[in-house]
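These notes concern the structure reproduced below.
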Amino acid sequence: MVEPGELVFLSGGTGTPKLLQGFRALLSDELLTVIGNTGDDEEFYGLLVSPDIDTLLYLFAGLLDENKYWGVKGDSFYTNDFLRSLGEEAWFQLGDKDLALHLVRKKLLLEGKNATKVTSELSRRLHIQATILPMTNDAIRTVMITKVNNRKLTFQEYTVKTHEKFAVKKVLYQGSEKAEITPECSKALSNSKMIIIGPSNPITSIGPMLAVKGFKESLMESPATIVAISPIEDKRAFSGPAAQLLHELGMEASPVSIAKLYQEFLDIFILSETDRTLAEEIHALGIKTICTDINLGSKKRRNDITRLILNELK
């Protein structure tokens, strides 16, 4: 029997939300706590857009466009189209309903609320039962340094505007030297029985969390069993640039590289049956391995993975 607060997820924007669908099929939303990455946040026209947090909000509100795993299903883009007609690039696709949420976020921020309180208030207004927490209340931005010309790109510029066409030599988490884990996140991690790192990008989704002061330490000190699911199968990422970034940053695009990044706190690593030959090397790092079909493309697989993970809950 799972109790509220026992399950905590670390989430980026696409992989972990798919996993969460499996948990939502078997458990009530109020039993789920999700800590979202805010390193992808960016301002557009004075509005703070928090893509990974917004995906979680829309997911638990039943509004998420599950074909893209971002934005509101059935949203229109009249504002975005009109911005283009006014000579703006408008390269970041903001739907009209999506803009409404960003306007409300701006209003709440101007009232002096921090990111945690803003997310809580948005959750309340969207009738969300799960607990969604930003990793920090401080500003932190993932910045990609390109190999050519040392160009600096925010994550949104790198992946949305330029479609990951520039090779990256370094990733910075600007603001991480001052950013601190929130009391709410710290409490959630210390009180949980299982922490689940979904198949999110280890560099741009989980990396920013680990860069926040006190976050990695909270994971290391937590009594919870910490489980991660590989976002990579046979040297290819299921979505996004995880494999590409690992390779460009001098690491092998494999579950072994990810296991080494998480080695200080990870207890169990779930990897693809295709990568079974890597299990022994990961086990040598002191991490238990489970090999299975990790493709979350179907409801059945999401539910199967959920049951597998819950079986590890002590």
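Chain labels run A, B, ... following the order of the structure tokens; each chain numbers its residues from 1, and ligands are numbered from 1 in the order shown.
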Sorted per-residue table, segment 89-200 of chain A near segment 70-78 of chain A, closest atoms and distance, 7 Å, only C-alpha atoms, as a Markdown table:
| residue | atom | partner | partner_atom | distance |
| --- | --- | --- | --- | --- |
| A:Leu94 | CA | A:Phe77 | CA | 6.9 |
| A:Gly95 | CA | A:Phe77 | CA | 4.7 |
| A:Asp96 | CA | A:Phe77 | CA | 5.6 |
| A:Lys97 | CA | A:Asp75 | CA | 6.3 |
| A:Asp98 | CA | A:Val72 | CA | 6.5 |
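Distances here use only C-alpha atoms; by that measure, the residue among A:Gln21, A:Thr79, A:Ser186, A:Asn311 closest to Gly214 of chain A is A:Ser186.
For Leu48 of chain A, the set of protein, DNA and RNA residues having any atom at most 7 Å away, when counting only C-alpha atoms and skipping those fewer than 5 positions along the same chain, is Asp41, Glu42, Glu43, His102 and Lys106 of chain A.
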Non-local contacts of segment 136-138 of chain A (9 Å; only C-alpha atoms; under 4 positions in same chain excluded) as an mmCIF file with N, CA and C atoms, in the first residue's frame:
data_model
loop_
_atom_site.group_PDB
_atom_site.id
_atom_site.type_symbol
_atom_site.label_atom_id
_atom_site.label_comp_id
_atom_site.auth_asym_id
_atom_site.auth_seq_id
_atom_site.Cartn_x
_atom_site.Cartn_y
_atom_site.Cartn_z
ATOM 1 N N ASN A 37 12.392 19.958 -13.272
ATOM 2 C CA ASN A 37 13.552 20.740 -13.686
ATOM 3 C C ASN A 37 13.126 22.151 -14.089
ATOM 4 N N THR A 38 13.887 23.153 -13.648
ATOM 5 C CA THR A 38 13.622 24.534 -14.057
ATOM 6 C C THR A 38 14.819 25.141 -14.801
ATOM 7 N N ASN A 114 7.111 33.013 -4.609
ATOM 8 C CA ASN A 114 8.254 32.321 -5.194
ATOM 9 C C ASN A 114 7.767 31.195 -6.106
ATOM 10 N N ALA A 115 8.696 30.525 -6.771
ATOM 11 C CA ALA A 115 8.332 29.512 -7.762
ATOM 12 C C ALA A 115 7.505 28.380 -7.160
ATOM 13 N N THR A 116 7.836 27.971 -5.940
ATOM 14 C CA THR A 116 7.099 26.891 -5.291
ATOM 15 C C THR A 116 5.655 27.294 -5.024
ATOM 16 N N GLY A 175 23.849 30.226 -12.518
ATOM 17 C CA GLY A 175 23.077 30.527 -11.321
ATOM 18 C C GLY A 175 23.131 29.425 -10.289
ATOM 19 N N SER A 176 23.694 28.271 -10.651
ATOM 20 C CA SER A 176 23.706 27.129 -9.723
ATOM 21 C C SER A 176 24.583 27.389 -8.500
ATOM 22 N N LYS A 178 24.555 29.895 -6.717
ATOM 23 C CA LYS A 178 23.747 30.581 -5.703
ATOM 24 C C LYS A 178 22.426 29.869 -5.427
ATOM 25 N N ALA A 179 21.989 29.042 -6.352
ATOM 26 C CA ALA A 179 20.688 28.376 -6.216
ATOM 27 C C ALA A 179 20.726 27.318 -5.117
ATOM 28 N N GLU A 180 19.654 27.233 -4.373
ATOM 29 C CA GLU A 180 19.549 26.262 -3.286
ATOM 30 C C GLU A 180 18.289 25.422 -3.442
ATOM 31 N N ILE A 181 18.368 24.187 -2.989
ATOM 32 C CA ILE A 181 17.201 23.331 -2.978
ATOM 33 C C ILE A 181 16.139 23.946 -2.069
ATOM 34 N N THR A 182 14.875 23.813 -2.438
ATOM 35 C CA THR A 182 13.806 24.368 -1.598
ATOM 36 C C THR A 182 13.582 23.479 -0.383
ATOM 37 N N CYS A 185 11.379 20.546 -1.393
ATOM 38 C CA CYS A 185 12.055 19.446 -2.085
ATOM 39 C C CYS A 185 12.908 18.629 -1.120
ATOM 40 N N MET A 209 19.388 19.813 -11.656
ATOM 41 C CA MET A 209 18.980 19.524 -10.279
ATOM 42 C C MET A 209 20.203 19.213 -9.424
ATOM 43 N N VAL A 212 22.195 22.171 -8.177
ATOM 44 C CA VAL A 212 21.610 23.038 -7.155
ATOM 45 C C VAL A 212 22.165 22.662 -5.776
#
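Counting only C-alpha atoms, the residue from A:Glu111, A:Glu6, A:Glu233, A:Glu89 that sits nearest to Thr131 of chain A is A:Glu6.
Nearest residue to Gln174 of chain A among A:Thr14, A:Thr154, A:Ser192, A:Gln263 is A:Thr154, counting only C-alpha atoms.
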**Q.** Among listed residues A:Ile294, A:Leu47, A:Ile195, A:Ala188, nearest Ile232 of chain A (using only C-alpha atoms)
**A.** A:Ile294
Q) Which is closer to Leu19 of chain A than all the others in A:Thr292, A:Asn67, A:Ser123, A:Thr306, using only C-alpha atoms? A) A:Thr306
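The smallest atom-to-atom distance between Glu164 of chain A and any of A:Gln93, A:Ser230, A:Gln244, A:Thr33, using only C-alpha atoms, is found for A:Gln244.
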**Q.** Distance query Lys235 of chain A at most 7 Å, only C-alpha atoms, self and fewer than 5 positions along chain excluded, as a list in words
**A.** Ala243, Ala253 and Ser254 of chain A
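Proximity to segment 275-285 of chain A at 10 Å, evaluated using only C-alpha atoms and with sequence-adjacent residues fewer than 5 positions away removed, yields Ile232, Glu233, Asp234, Lys235, Ser254, Pro255, Val256, Ser257, Ile258, Ala259, Lys260, Gln263, Glu264, Leu266, Asp267, Ile268, Phe269, Ile270, Ile290, Cys291 and Thr292 of chain A.
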